[in-house]
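J.: What follows is work_29.cif, made up of mmCIF, C-alpha atoms:
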data_my_file
loop_
_atom_site.group_PDB
_atom_site.id
_atom_site.type_symbol
_atom_site.label_atom_id
_atom_site.label_comp_id
_atom_site.auth_asym_id
_atom_site.auth_seq_id
_atom_site.Cartn_x
_atom_site.Cartn_y
_atom_site.Cartn_z
ATOM 1 C CA MET A 1 -6.510 -4.092 -16.562
ATOM 2 C CA THR A 2 -7.424 -0.942 -18.498
ATOM 3 C CA ILE A 3 -11.011 -1.146 -17.219
ATOM 4 C CA LEU A 4 -9.828 -1.428 -13.596
ATOM 5 C CA TYR A 5 -7.352 1.404 -14.226
ATOM 6 C CA ARG A 6 -10.091 3.721 -15.460
ATOM 7 C CA MET A 7 -12.558 2.635 -12.777
ATOM 8 C CA LEU A 8 -10.155 3.251 -9.886
ATOM 9 C CA SER A 9 -9.203 6.709 -11.177
ATOM 10 C CA ARG A 10 -12.772 7.944 -10.652
ATOM 11 C CA ASN A 11 -13.590 10.161 -7.674
ATOM 12 C CA ARG A 12 -16.129 7.767 -6.151
ATOM 13 C CA ALA A 13 -13.784 4.796 -6.349
ATOM 14 C CA LEU A 14 -10.933 6.812 -4.821
ATOM 15 C CA LEU A 15 -13.192 8.044 -2.042
ATOM 16 C CA ALA A 16 -14.482 4.533 -1.288
ATOM 17 C CA ALA A 17 -10.972 3.059 -1.281
ATOM 18 C CA GLY A 18 -9.642 5.916 0.842
ATOM 19 C CA LEU A 19 -12.411 5.640 3.424
ATOM 20 C CA SER A 20 -12.072 1.854 3.552
ATOM 21 C CA ALA A 21 -8.310 2.070 4.024
ATOM 22 C CA LEU A 22 -8.690 4.710 6.726
ATOM 23 C CA VAL A 23 -11.323 2.773 8.697
ATOM 24 C CA LEU A 24 -9.323 -0.447 8.482
ATOM 25 C CA MET A 25 -6.112 1.334 9.491
ATOM 26 C CA VAL A 26 -7.857 2.773 12.574
ATOM 27 C CA LEU A 27 -9.242 -0.666 13.477
ATOM 28 C CA LEU A 28 -5.839 -2.305 12.999
ATOM 29 C CA GLN A 29 -4.220 0.327 15.208
ATOM 30 C CA ALA A 30 -6.882 -0.167 17.885
ATOM 31 C CA ASN A 31 -6.138 -3.895 17.810
ATOM 32 C CA ALA A 32 -2.418 -3.206 18.136
ATOM 33 C CA ASN A 33 -3.150 -1.124 21.221
ATOM 34 C CA GLU A 34 -5.172 -3.988 22.746
ATOM 35 C CA ARG A 35 -2.230 -6.300 22.058
ATOM 36 C CA GLY A 36 -0.075 -4.038 24.186
ATOM 37 C CA GLY A 37 0.908 -1.560 21.508
ATOM 38 C CA THR A 38 3.895 -3.624 20.400
ATOM 39 C CA SER A 39 4.487 -3.045 16.723
ATOM 40 C CA VAL A 40 3.777 -5.818 14.259
ATOM 41 C CA PHE A 41 6.668 -4.628 12.073
ATOM 42 C CA GLY A 42 9.116 -6.612 14.183
ATOM 43 C CA LEU A 43 7.114 -9.747 13.471
ATOM 44 C CA GLN A 44 6.765 -8.941 9.778
ATOM 45 C CA LEU A 45 10.472 -8.354 9.285
ATOM 46 C CA ALA A 46 11.843 -10.883 11.783
ATOM 47 C CA PHE A 47 13.631 -13.057 9.181
ATOM 48 C CA THR A 48 14.860 -15.442 11.926
ATOM 49 C CA VAL A 49 13.249 -17.676 14.532
ATOM 50 C CA GLU A 50 15.072 -15.768 17.287
ATOM 51 C CA ASN A 51 13.707 -12.392 16.206
ATOM 52 C CA PHE A 52 10.215 -13.820 15.665
ATOM 53 C CA ARG A 53 10.285 -15.470 19.098
ATOM 54 C CA ALA A 54 11.437 -12.196 20.716
ATOM 55 C CA VAL A 55 8.351 -10.405 19.363
ATOM 56 C CA LEU A 56 6.071 -13.220 20.510
ATOM 57 C CA ASP A 57 7.642 -13.126 23.963
ATOM 58 C CA THR A 58 6.850 -9.408 24.282
ATOM 59 C CA TRP A 59 3.250 -10.090 23.275
ATOM 60 C CA GLY A 60 2.707 -13.060 25.548
ATOM 61 C CA ALA A 61 0.074 -15.742 25.015
ATOM 62 C CA ALA A 62 -2.810 -13.263 25.249
ATOM 63 C CA GLY A 63 -1.218 -10.932 22.675
ATOM 64 C CA ILE A 64 -0.541 -13.812 20.272
ATOM 65 C CA GLY A 65 -4.138 -14.999 20.617
ATOM 66 C CA HIS A 66 -5.427 -11.494 20.045
ATOM 67 C CA PHE A 67 -3.212 -11.093 16.957
ATOM 68 C CA ARG A 68 -4.456 -14.369 15.472
ATOM 69 C CA GLY A 69 -8.043 -13.500 16.307
ATOM 70 C CA THR A 70 -7.900 -10.126 14.599
ATOM 71 C CA LEU A 71 -5.742 -11.028 11.604
ATOM 72 C CA TRP A 72 -8.902 -11.146 9.496
ATOM 73 C CA LEU A 73 -8.815 -7.326 9.486
ATOM 74 C CA ASP A 74 -5.412 -7.502 7.849
ATOM 75 C CA TYR A 75 -6.957 -9.595 5.085
ATOM 76 C CA LEU A 76 -9.287 -6.710 4.215
ATOM 77 C CA PHE A 77 -6.700 -3.929 4.412
ATOM 78 C CA PRO A 78 -4.496 -4.932 1.423
ATOM 79 C CA ALA A 79 -7.392 -4.701 -1.028
ATOM 80 C CA ALA A 80 -8.282 -1.241 0.298
ATOM 81 C CA TYR A 81 -4.767 0.195 0.188
ATOM 82 C CA ALA A 82 -4.006 -1.394 -3.195
ATOM 83 C CA CYS A 83 -7.118 0.163 -4.728
ATOM 84 C CA LEU A 84 -6.347 3.524 -3.120
ATOM 85 C CA LEU A 85 -2.699 3.681 -4.202
ATOM 86 C CA ALA A 86 -3.440 2.310 -7.684
ATOM 87 C CA GLY A 87 -6.356 4.722 -8.058
ATOM 88 C CA ILE A 88 -4.215 7.709 -7.111
ATOM 89 C CA ILE A 89 -1.547 6.636 -9.601
ATOM 90 C CA ALA A 90 -4.190 6.221 -12.306
ATOM 91 C CA ARG A 91 -5.741 9.577 -11.426
ATOM 92 C CA LEU A 92 -2.406 11.409 -11.537
ATOM 93 C CA ASN A 93 -1.335 9.800 -14.795
ATOM 94 C CA PRO A 94 -1.184 12.380 -17.562
ATOM 95 C CA ALA A 95 -4.497 12.557 -19.390
ATOM 96 C CA GLU A 96 -2.810 12.341 -22.783
ATOM 97 C CA GLU A 97 -1.766 8.762 -22.030
ATOM 98 C CA THR A 98 -4.875 6.749 -22.826
ATOM 99 C CA PRO A 99 -4.384 3.857 -22.600
ATOM 100 C CA PRO A 100 -1.757 4.462 -19.943
ATOM 101 C CA GLY A 101 1.917 4.059 -20.757
ATOM 102 C CA ARG A 102 4.180 1.291 -19.512
ATOM 103 C CA LEU A 103 5.381 3.079 -16.350
ATOM 104 C CA PRO A 104 1.914 3.991 -15.007
ATOM 105 C CA ARG A 105 0.655 0.461 -15.777
ATOM 106 C CA THR A 106 3.653 -1.063 -13.993
ATOM 107 C CA LEU A 107 3.201 1.190 -10.961
ATOM 108 C CA PHE A 108 -0.529 0.456 -10.956
ATOM 109 C CA ALA A 109 0.138 -3.293 -10.995
ATOM 110 C CA ALA A 110 2.808 -2.945 -8.283
ATOM 111 C CA CYS A 111 0.096 -1.821 -5.846
ATOM 112 C CA PHE A 112 -1.740 -5.099 -6.337
ATOM 113 C CA LEU A 113 1.482 -7.091 -6.143
ATOM 114 C CA ALA A 114 2.051 -5.418 -2.751
ATOM 115 C CA ALA A 115 -1.388 -6.611 -1.651
ATOM 116 C CA LEU A 116 -0.642 -10.133 -2.887
ATOM 117 C CA SER A 117 2.601 -10.089 -0.895
ATOM 118 C CA ASP A 118 0.629 -8.923 2.142
ATOM 119 C CA TYR A 119 -1.829 -11.822 1.740
ATOM 120 C CA THR A 120 1.102 -14.233 1.487
ATOM 121 C CA GLU A 121 2.653 -12.795 4.637
ATOM 122 C CA ASN A 122 -0.665 -12.949 6.560
ATOM 123 C CA THR A 123 -1.304 -16.534 5.544
ATOM 124 C CA LEU A 124 2.194 -17.589 6.532
ATOM 125 C CA HIS A 125 1.765 -15.872 9.900
ATOM 126 C CA LEU A 126 -1.447 -17.830 10.471
ATOM 127 C CA VAL A 127 0.333 -21.082 9.646
ATOM 128 C CA ILE A 128 3.358 -20.223 11.802
ATOM 129 C CA LEU A 129 1.242 -19.127 14.763
ATOM 130 C CA ALA A 130 -0.908 -22.258 14.658
ATOM 131 C CA ASP A 131 1.849 -23.737 16.862
ATOM 132 C CA PRO A 132 3.971 -20.947 18.366
ATOM 133 C CA ALA A 133 5.965 -23.501 20.378
ATOM 134 C CA SER A 134 7.622 -24.915 17.259
ATOM 135 C CA LEU A 135 8.469 -22.106 14.862
ATOM 136 C CA SER A 136 9.519 -22.887 11.292
ATOM 137 C CA ALA A 137 12.621 -20.994 10.131
ATOM 138 C CA PRO A 138 11.807 -21.380 6.401
ATOM 139 C CA LEU A 139 8.238 -20.113 6.859
ATOM 140 C CA ILE A 140 9.406 -17.171 8.961
ATOM 141 C CA LEU A 141 11.957 -16.307 6.276
ATOM 142 C CA LEU A 142 9.306 -16.536 3.519
ATOM 143 C CA ALA A 143 6.868 -14.401 5.524
ATOM 144 C CA SER A 144 9.572 -11.791 6.095
ATOM 145 C CA ILE A 145 10.538 -11.773 2.415
ATOM 146 C CA ALA A 146 6.867 -11.291 1.495
ATOM 147 C CA ALA A 147 6.601 -8.441 4.025
ATOM 148 C CA ALA A 148 9.805 -6.796 2.764
ATOM 149 C CA LEU A 149 8.528 -7.016 -0.824
ATOM 150 C CA LYS A 150 5.204 -5.538 0.261
ATOM 151 C CA TRP A 151 6.891 -2.583 1.977
ATOM 152 C CA ALA A 152 9.240 -2.029 -0.971
ATOM 153 C CA LEU A 153 6.331 -1.937 -3.429
ATOM 154 C CA ILE A 154 4.288 0.369 -1.190
ATOM 155 C CA THR A 155 7.294 2.693 -0.946
ATOM 156 C CA ILE A 156 7.643 2.675 -4.742
ATOM 157 C CA ALA A 157 3.931 3.509 -5.064
ATOM 158 C CA PHE A 158 4.269 6.432 -2.639
ATOM 159 C CA LEU A 159 7.351 7.701 -4.465
ATOM 160 C CA ALA A 160 5.472 7.444 -7.768
ATOM 161 C CA ILE A 161 2.594 9.447 -6.320
ATOM 162 C CA ILE A 162 5.005 12.126 -5.111
ATOM 163 C CA TYR A 163 6.660 12.141 -8.557
ATOM 164 C CA TYR A 164 3.323 12.584 -10.336
ATOM 165 C CA LEU A 165 2.238 15.327 -7.900
ATOM 166 C CA VAL A 166 5.474 17.258 -8.410
ATOM 167 C CA LYS A 167 5.233 16.779 -12.174
ATOM 168 C CA LYS A 168 1.644 18.098 -12.173
ATOM 169 C CA ALA A 169 2.562 21.048 -9.956
ATOM 170 C CA LEU A 170 5.485 22.019 -12.187
ATOM 171 C CA TYR A 171 3.315 21.692 -15.291
ATOM 172 C CA ALA A 172 0.594 23.844 -13.711
ATOM 173 C CA LYS A 173 3.118 26.470 -12.635
ATOM 174 C CA ARG A 174 4.761 26.530 -16.069
ATOM 175 C CA ASN A 175 1.380 26.910 -17.792
ATOM 176 C CA HIS A 176 -0.265 29.313 -15.328
ATOM 177 C CA PRO A 177 -2.004 32.247 -17.108
ATOM 178 C CA SER A 178 0.115 34.798 -15.212
ATOM 179 C CA ARG A 179 3.263 33.383 -16.848
ATOM 180 C CA LYS A 180 2.034 33.836 -20.414
ATOM 181 C CA MET A 181 3.315 36.670 -22.499
ATOM 182 C CA PRO A 182 0.769 39.330 -23.354
ATOM 183 C CA THR A 183 -0.554 39.274 -26.875
ATOM 184 C CA LYS A 184 -1.809 42.129 -29.003
ATOM 185 C CA GLU A 185 -5.353 41.313 -27.956
ATOM 186 C CA THR A 186 -4.565 41.556 -24.224
ATOM 187 C CA LEU A 187 -2.631 44.862 -24.525
#
Just give me the structure as structure tokens.
T.:
Amino acid sequence: MTILYRMLSRNRALLAAGLSALVLMVLLQANANERGGTSVFGLQLAFTVENFRAVLDTWGAAGIGHFRGTLWLDYLFPAAYACLLAGIIARLNPAEETPPGRLPRTLFAACFLAALSDYTENTLHLVILADPASLSAPLILLASIAAALKWALITIAFLAIIYYLVKKALYAKRNHPSRKMPTKETL
């Protein structure tokens, strides 16, 4: 994991992950617009057959078919966003922590756990939508739990990034040359 941590903190890796995530996000949004613009969040966090069915009813048969046909894009996106978020966390980790401490390693790993949860959710949606006429309550619940876990971990990653940015900004402000006391040599 240390090798991946160091690799993803490099500028080129961050740029590649960022560009990949951006392109895939644009493509996923374009597909949502073709589906009628109805948000997929309602499907992800349905938790019940009734809620899941309500989303499918707003999409209609064509929207469901389009969603299933373009779900492959959502299999690429988790790897991109996991690498981007993990890379930012690795990059913002204080340089004196090599190898990284427990918190940065945990946050780094949480990004990939979010992606794994996303893959679980996507796979369950494929299974569920193989026969939209007979929806499985347990599978819908599992897919929604996976989606909720994914969103919770992504939120934690974003909060960690904000924390590290604030910490770096405060450190930079505290150690800015204009804040240092003059010495005999500078007077």
J.: List the neighbours of Met1 in chain A out to 9 Å using only C-alpha atoms; skip same-chain residues closer than 5 positions along the sequence, and give me the result as a list in words.
T.: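 Selected residues are Arg6, Arg105 and Ala109 of chain A.
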J.: Care to translate the PyMOL selection byres ((chain A and resi 74-86) around 8) into actual residues of this file, as a ChimeraX atom specification?
T.: /A:5,8,14,17-18,20-21,24-25,28,70-73,87-90,107-109,111-112,114-116,118-119,122,157-158
J.: Please, what distance in Å, to one decimal, runs between CA of Ile161 in chain A and CA of Val23 in chain A?
T.: 21.5 Å
J.: List as a CSV table (one decimal) with C-alpha atoms, in the coordinates of the input the protein and nucleic acid residues near Asp131 in chain A, meaning an atom at most 12 Å away when all atoms listed in the file are counted, but skip any in the same chain fewer than 5 places from it.
T.:
chain,number,residue,atom,x,y,z
A,56,LEU,CA,6.1,-13.2,20.5
A,61,ALA,CA,0.1,-15.7,25.0
A,64,ILE,CA,-0.5,-13.8,20.3
A,65,GLY,CA,-4.1,-15.0,20.6
A,68,ARG,CA,-4.5,-14.4,15.5
A,125,HIS,CA,1.8,-15.9,9.9
A,126,LEU,CA,-1.4,-17.8,10.5
A,136,SER,CA,9.5,-22.9,11.3
J.: Restricting the calculation to only C-alpha atoms: of A:Ala62, A:Ala30, A:Thr2, A:Thr120, which residue gets closest to Ala147 in chain A?
T.: A:Thr120
J.: Can you measure CA of Lys150 in chain A to CA of Val166 in chain A for me? One decimal in Å is fine.
T.: 24.4 Å
J.: Go ahead and compute the interatomic distance for CA of Ala143 in chain A and CA of Gln29 in chain A, in Å to one decimal.
T.: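 Distance between the two atoms: 20.8 Å.
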J.: Which one of A:Ala110, A:Gln44, A:Leu129, A:Met7 sits closest to His66 in chain A if you count only C-alpha atoms?
T.: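 Closest candidate: A:Leu129.
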